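J.: What follows is coords_8.txt, made up of compact mmCIF, C-alpha atoms:
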```txt
# COMPACT_ATOMS: atom_id res chain seq x y z
CA MET A 600 18.80 -8.05 27.63
CA SER A 601 16.39 -10.89 26.98
CA PHE A 602 13.55 -8.42 27.46
CA LEU A 603 15.06 -6.21 24.78
CA ASN A 604 15.61 -9.16 22.48
CA SER A 605 12.06 -10.36 22.73
CA TYR A 606 10.28 -7.01 22.50
CA ILE A 607 12.57 -4.85 20.37
CA TYR A 608 10.20 -4.83 17.39
CA TYR A 609 7.21 -3.88 19.51
CA ILE A 610 9.27 -1.11 21.15
CA GLY A 611 10.40 0.16 17.76
CA ALA A 612 6.93 0.06 16.24
CA PHE A 613 5.25 1.81 19.15
CA GLY A 614 8.16 4.23 19.38
CA LEU A 615 7.37 5.25 15.78
CA ILE A 616 3.65 5.53 16.58
CA LEU A 617 4.33 7.71 19.63
CA VAL A 618 6.80 9.91 17.71
CA GLY A 619 4.15 10.41 15.01
CA LEU A 620 1.49 11.20 17.61
CA TYR A 621 3.79 13.74 19.28
CA ILE A 622 4.45 15.46 15.96
CA ILE A 623 0.75 15.57 15.11
CA LEU A 624 -0.19 17.03 18.50
CA THR A 625 2.52 19.66 18.91
CA LYS A 626 3.67 20.90 15.49
CA HIS A 627 1.98 23.88 13.88
CA ASN A 628 3.19 23.40 10.32
CA LEU A 629 0.74 21.36 8.26
CA ILE A 630 3.48 19.62 6.26
CA LYS A 631 5.09 18.46 9.51
CA VAL A 632 1.74 17.14 10.70
CA ILE A 633 1.41 15.13 7.48
CA ILE A 634 4.96 13.78 7.96
CA GLY A 635 3.91 12.71 11.47
CA LEU A 636 0.93 10.91 9.94
CA GLY A 637 3.31 9.05 7.62
CA ILE A 638 5.58 8.04 10.52
CA MET A 639 2.57 6.76 12.48
CA ASP A 640 1.46 4.77 9.43
CA THR A 641 4.90 3.12 9.23
CA GLY A 642 4.76 2.27 12.92
CA VAL A 643 1.37 0.58 12.61
CA ASN A 644 2.58 -1.46 9.61
CA LEU A 645 5.74 -2.53 11.46
CA PHE A 646 3.68 -3.53 14.50
CA LEU A 647 1.32 -5.68 12.43
CA ILE A 648 4.22 -7.42 10.70
CA SER A 649 6.03 -8.08 13.98
CA ILE A 650 2.85 -9.57 15.49
CA GLY A 651 2.91 -12.27 12.81
CA TYR A 652 6.62 -13.04 13.09
CA ILE A 653 7.78 -16.47 14.23
CA THR A 654 11.31 -16.93 15.55
CA ARG A 655 13.66 -17.95 12.70
CA GLY A 656 10.64 -17.85 10.40
CA THR A 657 10.58 -17.78 6.65
CA ALA A 658 8.25 -16.31 4.04
CA PRO A 659 4.95 -18.19 3.56
CA ILE A 660 5.70 -19.23 -0.03
CA PHE A 661 5.94 -22.87 -1.14
CA SER A 662 8.59 -22.16 -3.77
CA SER A 663 10.32 -25.52 -3.30
CA PRO A 664 9.02 -28.76 -1.78
CA GLU A 665 11.60 -28.99 1.03
CA ILE A 666 10.39 -25.86 2.80
CA ASP A 667 9.14 -26.60 6.31
CA SER A 668 5.64 -25.21 6.71
CA GLU A 669 6.08 -25.11 10.50
CA ARG A 670 8.57 -22.25 10.18
CA MET A 671 6.39 -20.06 7.99
CA VAL A 672 5.29 -16.74 9.47
CA ASP A 673 1.64 -15.76 9.77
CA PRO A 674 0.40 -14.65 6.31
CA VAL A 675 -2.66 -12.72 7.50
CA PRO A 676 -0.88 -9.59 8.88
CA GLN A 677 1.32 -9.52 5.78
CA ALA A 678 -1.76 -9.52 3.54
CA LEU A 679 -3.25 -6.67 5.60
CA VAL A 680 -0.08 -4.58 5.51
CA LEU A 681 0.34 -5.18 1.76
CA THR A 682 -2.81 -3.21 1.03
CA ALA A 683 -2.36 -0.80 3.93
CA ILE A 684 0.93 0.49 2.47
CA VAL A 685 -0.64 1.40 -0.88
CA ILE A 686 -3.63 2.99 0.83
CA GLY A 687 -1.24 4.92 3.09
CA VAL A 688 0.43 6.38 -0.01
CA ALA A 689 -2.95 7.42 -1.45
CA ILE A 690 -4.05 9.02 1.83
CA LEU A 691 -0.76 10.93 2.10
CA ALA A 692 -1.23 12.21 -1.45
CA LEU A 693 -4.79 13.30 -0.66
CA ALA A 694 -3.61 15.09 2.51
CA LEU A 695 -0.84 16.84 0.55
CA SER A 696 -3.29 17.99 -2.11
CA LEU A 697 -5.53 19.45 0.60
CA ALA A 698 -2.46 21.16 2.06
CA ILE A 699 -1.68 22.69 -1.36
CA ARG A 700 -5.23 24.08 -1.60
CA LEU A 701 -5.08 25.37 1.99
CA TYR A 702 -1.82 27.18 1.24
CA GLN A 703 -3.29 28.77 -1.88
CA HIS A 704 -6.30 29.97 0.10
CA TYR A 705 -4.69 31.23 3.33
CA GLU A 706 -1.10 31.74 2.07
CA THR A 707 0.24 30.06 5.18
CA LEU A 708 0.67 26.50 6.41
CA ASN A 709 0.79 27.48 10.09
CA LEU A 710 -2.24 25.94 11.75
CA ARG A 711 -2.25 28.61 14.46
CA LYS A 712 -2.77 31.36 11.88
CA ILE A 713 -5.64 29.67 10.08
CA LYS A 714 -8.44 31.27 12.04
CA GLU A 715 -11.50 29.38 10.91
CA GLN A 716 -10.49 26.01 12.28
CA LYS A 717 -12.61 24.67 15.09
CA TRP A 718 -10.00 22.91 17.24
CA MET B 676 2.49 23.91 28.26
CA ARG B 677 1.08 22.16 25.22
CA LYS B 678 4.24 20.07 24.88
CA ILE B 679 4.18 19.02 28.55
CA ALA B 680 0.54 17.99 28.27
CA THR B 681 1.31 16.05 25.09
CA ILE B 682 4.26 14.25 26.69
CA LEU B 683 2.09 13.32 29.70
CA LEU B 684 -0.55 11.97 27.34
CA LEU B 685 2.04 9.98 25.40
CA ILE B 686 3.44 8.49 28.63
CA ILE B 687 -0.06 7.39 29.65
CA VAL B 688 -0.66 5.86 26.19
CA ALA B 689 2.72 4.09 26.26
CA LEU B 690 2.06 2.65 29.74
CA GLY B 691 -1.35 1.40 28.68
CA ILE B 692 0.03 -0.20 25.52
CA SER B 693 2.96 -1.84 27.34
CA GLN B 694 0.56 -3.38 29.86
CA SER B 695 -1.22 -5.22 27.08
CA LEU B 696 1.86 -5.94 24.95
CA VAL B 697 3.78 -7.92 27.57
CA LYS B 698 1.05 -10.54 27.35
CA ILE B 699 1.70 -11.01 23.60
CA PRO B 700 4.86 -13.11 23.21
CA PHE B 701 7.11 -12.06 20.35
CA GLY B 702 8.04 -14.73 17.81
CA ALA B 703 5.50 -17.35 18.88
CA PRO B 704 2.72 -18.62 16.62
CA LYS B 705 -0.48 -16.86 17.58
CA THR B 706 -3.42 -17.25 15.26
CA LYS B 707 -5.08 -20.49 14.23
CA VAL B 708 -6.43 -18.96 11.03
CA GLY B 709 -2.92 -18.20 9.75
CA ARG B 710 -1.88 -21.80 10.46
CA TYR B 711 -4.96 -23.01 8.57
CA TYR B 712 -4.10 -20.86 5.54
CA ILE B 713 -0.54 -22.22 5.48
CA GLU B 714 -1.63 -25.85 5.72
CA GLU B 715 -4.65 -25.79 3.41
CA GLY B 716 -3.99 -22.73 1.21
CA VAL B 717 -2.08 -24.46 -1.59
CA GLU B 718 -4.69 -27.16 -2.00
CA GLU B 719 -7.68 -24.86 -1.73
CA THR B 720 -6.54 -22.00 -3.96
CA GLY B 721 -3.62 -23.45 -5.95
CA ALA B 722 -1.36 -20.46 -5.29
CA ALA B 723 2.16 -21.20 -4.00
CA ASN B 724 2.34 -17.75 -2.37
CA ILE B 725 0.11 -17.96 0.69
CA VAL B 726 -0.01 -14.17 1.10
CA THR B 727 -1.49 -13.90 -2.39
CA SER B 728 -4.01 -16.62 -1.68
CA VAL B 729 -5.08 -14.69 1.43
CA VAL B 730 -5.22 -11.30 -0.34
CA VAL B 731 -7.06 -12.41 -3.48
CA GLY B 732 -8.56 -15.74 -2.48
CA TYR B 733 -9.75 -15.86 1.10
CA ARG B 734 -10.08 -12.11 1.58
CA GLY B 735 -10.86 -11.11 -2.01
CA PHE B 736 -13.92 -9.09 -1.11
CA ASP B 737 -11.88 -7.15 1.43
CA THR B 738 -9.30 -6.41 -1.28
CA LEU B 739 -12.07 -5.12 -3.55
CA GLY B 740 -12.96 -2.67 -0.78
CA GLU B 741 -9.35 -1.60 -0.39
CA VAL B 742 -8.97 -1.04 -4.13
CA THR B 743 -12.11 1.10 -3.91
CA ILE B 744 -10.54 3.19 -1.12
CA LEU B 745 -7.53 3.80 -3.36
CA PHE B 746 -9.84 4.74 -6.24
CA ILE B 747 -11.78 7.22 -4.08
CA ALA B 748 -8.56 8.77 -2.78
CA ALA B 749 -7.28 9.26 -6.35
CA ILE B 750 -10.64 10.72 -7.44
CA GLY B 751 -10.69 13.04 -4.42
CA LEU B 752 -7.17 14.21 -5.12
CA GLY B 753 -8.08 14.96 -8.72
CA ALA B 754 -11.22 16.80 -7.65
CA VAL B 755 -9.40 18.87 -5.02
CA LEU B 756 -6.48 19.78 -7.27
CA THR B 757 -8.23 20.44 -10.57
CA ALA B 758 -11.28 22.27 -9.21
CA GLY B 759 -11.27 26.07 -9.25
CA VAL B 760 -8.54 28.31 -10.61
CA ARG B 761 -5.36 26.82 -11.96
CA GLY B 762 -2.11 28.53 -11.12
CA GLU B 763 0.01 29.72 -14.02
CA THR B 764 2.32 27.02 -15.31
CA ARG B 765 5.79 27.47 -13.93
CA LYS B 766 8.73 27.52 -16.31
CA THR B 767 10.85 24.44 -15.73
CA GLN B 768 14.46 24.03 -16.68
CA PRO B 769 14.89 21.13 -19.14
CA ALA B 770 16.79 18.13 -17.81
CA SER B 771 20.30 17.43 -18.99
CA LEU B 772 21.00 15.03 -21.85
CA VAL B 773 22.31 12.28 -19.55
CA LEU B 774 19.19 12.40 -17.36
CA TYR B 775 16.87 12.56 -20.37
CA THR B 776 18.46 9.59 -22.15
CA GLY B 777 18.78 7.60 -18.95
CA CYS B 778 15.12 8.04 -18.07
CA ARG B 779 14.00 7.07 -21.55
CA LEU B 780 16.26 4.00 -21.44
CA LEU B 781 15.12 2.89 -17.98
CA PHE B 782 11.39 3.47 -18.44
CA PRO B 783 10.57 0.34 -20.53
CA LEU B 784 12.74 -1.81 -18.25
CA ILE B 785 10.82 -0.58 -15.21
CA LEU B 786 7.53 -1.32 -16.98
CA VAL B 787 8.69 -4.86 -17.80
CA PHE B 788 9.83 -5.41 -14.21
CA GLY B 789 6.52 -4.17 -12.79
CA THR B 790 4.59 -6.40 -15.18
CA TYR B 791 6.75 -9.37 -14.17
CA ILE B 792 6.03 -8.63 -10.50
CA PHE B 793 2.26 -8.66 -10.91
CA ILE B 794 2.05 -11.57 -13.37
CA HIS B 795 4.05 -13.77 -10.98
CA GLY B 796 2.15 -12.59 -7.92
CA HIS B 797 0.88 -16.07 -7.06
CA LEU B 798 4.36 -17.66 -7.27
CA THR B 799 6.92 -15.20 -5.91
CA PRO B 800 6.88 -12.29 -3.45
CA GLY B 801 4.96 -9.56 -5.20
CA GLY B 802 1.60 -8.98 -6.77
CA GLY B 803 -0.72 -6.36 -8.13
CA PHE B 804 -0.14 -3.71 -5.49
CA GLN B 805 3.65 -3.93 -5.61
CA GLY B 806 3.81 -4.19 -9.41
CA GLY B 807 1.46 -1.23 -9.75
CA ALA B 808 3.64 0.83 -7.42
CA ILE B 809 6.74 -0.06 -9.49
CA ILE B 810 4.98 0.96 -12.73
CA ALA B 811 3.93 4.26 -11.15
CA SER B 812 7.55 4.86 -10.10
CA GLY B 813 8.49 4.44 -13.78
CA PHE B 814 6.02 7.18 -14.70
CA LEU B 815 7.44 9.35 -11.91
CA LEU B 816 10.90 8.89 -13.45
CA ILE B 817 9.56 10.04 -16.84
CA TYR B 818 7.98 13.10 -15.22
CA LEU B 819 11.25 14.00 -13.52
CA GLY B 820 13.53 13.32 -16.48
CA CYS B 821 11.49 14.34 -19.52
CA ARG B 822 9.58 17.30 -18.13
CA GLU B 823 7.35 18.08 -21.10
CA ARG B 824 6.00 14.54 -21.43
CA ARG B 825 2.58 13.73 -20.00
CA ILE B 826 0.70 10.47 -19.76
CA SER B 827 -2.53 10.31 -21.72
CA ARG B 828 -5.50 10.84 -19.40
CA VAL B 829 -7.69 8.70 -21.64
CA ALA B 830 -5.33 5.72 -21.58
CA SER B 831 -4.86 6.01 -17.82
CA ASN B 832 -8.60 6.18 -17.18
CA LEU B 833 -9.16 3.27 -19.56
CA ALA B 834 -6.60 1.04 -17.81
CA GLU B 835 -8.06 1.96 -14.42
CA SER B 836 -11.66 1.29 -15.45
CA LEU B 837 -10.80 -1.98 -17.19
CA GLY B 838 -8.89 -3.17 -14.12
CA GLY B 839 -11.75 -2.45 -11.77
CA LEU B 840 -14.31 -3.88 -14.17
CA THR B 841 -12.34 -7.12 -14.60
CA PHE B 842 -12.20 -7.60 -10.82
CA VAL B 843 -15.96 -7.10 -10.38
CA VAL B 844 -16.92 -9.15 -13.46
CA ILE B 845 -14.80 -12.12 -12.33
CA GLY B 846 -16.43 -11.85 -8.91
CA LEU B 847 -19.88 -11.90 -10.50
CA LEU B 848 -18.90 -14.84 -12.75
CA GLY B 849 -18.28 -16.73 -9.52
CA LEU B 850 -21.96 -16.19 -8.74
CA VAL B 851 -22.90 -17.45 -12.20
CA PHE B 852 -20.78 -20.61 -12.12
CA GLY B 853 -21.13 -21.40 -8.46
CA SER B 854 -22.53 -20.21 -5.23
CA TYR B 855 -20.72 -17.11 -4.02
CA PHE B 856 -19.00 -13.88 -5.08
CA LEU B 857 -15.34 -14.28 -6.15
CA LEU B 858 -15.56 -18.07 -6.41
CA ASN B 859 -12.39 -19.58 -7.91
CA PHE B 860 -14.18 -21.21 -10.85
CA LEU B 861 -11.21 -21.86 -13.16
CA PRO B 862 -9.11 -25.05 -12.86
CA LYS B 863 -6.43 -24.71 -10.18
CA GLY B 864 -3.63 -26.53 -12.03
CA THR B 865 -0.43 -27.58 -10.29
CA ALA B 866 1.14 -25.28 -7.75
CA ASN B 867 4.27 -23.34 -8.79
CA ALA B 868 3.25 -23.26 -12.47
CA LEU B 869 2.60 -19.92 -14.15
CA PHE B 870 -0.87 -20.99 -15.28
CA SER B 871 -2.24 -22.12 -11.95
CA ALA B 872 -4.45 -20.90 -9.13
CA GLY B 873 -7.50 -20.22 -11.32
CA VAL B 874 -8.75 -16.64 -11.21
CA ILE B 875 -6.09 -15.36 -8.77
CA PRO B 876 -3.51 -14.28 -11.42
CA ILE B 877 -6.23 -12.63 -13.55
CA ILE B 878 -7.51 -10.62 -10.60
CA TYR B 879 -3.97 -9.67 -9.58
CA ILE B 880 -3.17 -8.47 -13.13
CA ALA B 881 -6.34 -6.36 -13.03
CA ILE B 882 -5.28 -4.94 -9.64
CA GLY B 883 -1.83 -4.21 -11.07
CA PHE B 884 -3.28 -2.17 -13.95
CA LYS B 885 -5.65 -0.36 -11.61
CA VAL B 886 -3.08 0.50 -8.94
CA GLY B 887 -0.46 1.49 -11.52
CA SER B 888 -2.75 3.85 -13.42
CA GLU B 889 -4.21 5.31 -10.21
CA LEU B 890 -0.82 6.07 -8.67
CA ALA B 891 0.40 7.45 -12.02
CA SER B 892 -2.61 9.77 -12.21
CA ILE B 893 -1.95 10.89 -8.60
CA ILE B 894 1.64 11.75 -9.60
CA ASP B 895 0.34 13.48 -12.74
CA ASN B 896 -2.09 15.64 -10.75
CA LEU B 897 0.51 16.59 -8.14
CA ILE B 898 3.12 17.51 -10.79
CA GLU B 899 0.61 19.53 -12.83
CA GLU B 900 -0.10 21.56 -9.71
CA SER B 901 3.46 22.31 -8.60
```
Take the structure in the file and give it back as structure tokens.

T.:
Amino acid sequence: MSFLNSYIYYIGAFGLILVGLYIILTKHNLIKVIIGLGIMDTGVNLFLISIGYITRGTAPIFSSPEIDSERMVDPVPQALVLTAIVIGVAILALALSLAIRLYQHYETLNLRKIKEQKW
Amino acid sequence: MRKIATILLLIIVALGISQSLVKIPFGAPKTKVGRYYIEEGVEETGAANIVTSVVVGYRGFDTLGEVTILFIAAIGLGAVLTAGVRGETRKTQPASLVLYTGCRLLFPLILVFGTYIFIHGHLTPGGGFQGGAIIASGFLLIYLGCRERRISRVASNLAESLGGLTFVVIGLLGLVFGSYFLLNFLPKGTANALFSAGVIPIIYIAIGFKVGSELASIIDNLIEES
């Protein structure tokens, strides 16, 4: 149980990453592949946040003078994830726009039926 | 066959990751640089929110690069979607009166909330990226509720360009007044005051305008297409 308590966030984050990887590798529908990409993105963000967590930690904001700076969590992964979330949204939108164009050109989203792909 | 191979691959990846992860204790302080930012950040940058001082202060150049990635993604989406033939515009059913009035009532409140989030980015949880995302969600609400309304492309491009330009010009002013790019040349003031932390709130407001207009133009392009 103590193992689960101490590593549950890592297990959850890498579970999300592996689920996303499985979807990307096995599904044939392009929309499902993009959803897998989004799930993987969430997993990476959760992993970065949980790396910086400190037990019974608080947010790294000095909003009142009696806050103990020893309990503050690591601000660096939070700063990285802050921008990574917005960029993840933009990349998903770009992927969806390419999927729209692909559907208009081939009239299918099934990756097996799009013949000209190289992989 | 493909699924079995994939599952085998995933098991190998999971085993490799778990080997390295058991050496990283969960919930213990790890990095010295994070500890340094917490102890010295308020004095060095003047921002009460340490995450903001890391994003805009210590790693400001990195944030400029990330804003550029967002810009390129928005440009690429516009280029992909608007190039070539446009499909015929689909007839949409107008929204009901309750939805229409509700969206028009909520839209200015959402704008005010987003602006509050990015103006107070150096004091409270929030900042330019989050405030910009909230503002874009307000535009999405308008697109869903009042279907015939469109944002002005000129105003959106103007807000985006001004935001990016402000960021770069403030960075270059750091070179003029001091020694390096993105130097915090304004007075820092007292922590936890609205006018504190020098250039950090100005840069975060610029980021808020830029992110908000970029995400709104992404929504605009995607809705025009569907």

J.: Compare A:Ser605, A:Ile633, A:Ile616, A:Ala698 by their minimum atom-to-atom distance to chain B, counting only C-alpha atoms, and give me the closest one.

T.: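 Closest to chain B, using only C-alpha atoms: A:Ser605.
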
J.: Which is closer to chain A than all the others in B:Phe788, B:Phe814, B:Phe860, B:Tyr733, using only C-alpha atoms?

T.: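 So, comparing all the options, the nearest one is B:Tyr733.
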
J.: Enumerate as number ranges by chain the residues belonging to chain B that approach chain A to within 8 Å, with only C-alpha atoms taken into account.

T.: B: 677-678, 681-682, 685, 689, 696, 700-706, 709-710, 712-714, 723-727, 729-730, 738, 741, 744-745, 748-749, 751-752, 755-756, 798-800, 804, 808, 867, 890, 893, 897

J.: For CA of Gly753 in chain B and CA of Ile898 in chain B, determine how far apart the two atoms are, in Å to one decimal place.

T.: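 That distance, rounded to one decimal, is 11.7 Å.
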
J.: May I ask for the distance between CA of Gly716 in chain B and CA of Ile845 in chain B, given in Å to one decimal place?

T.: 20.3 Å
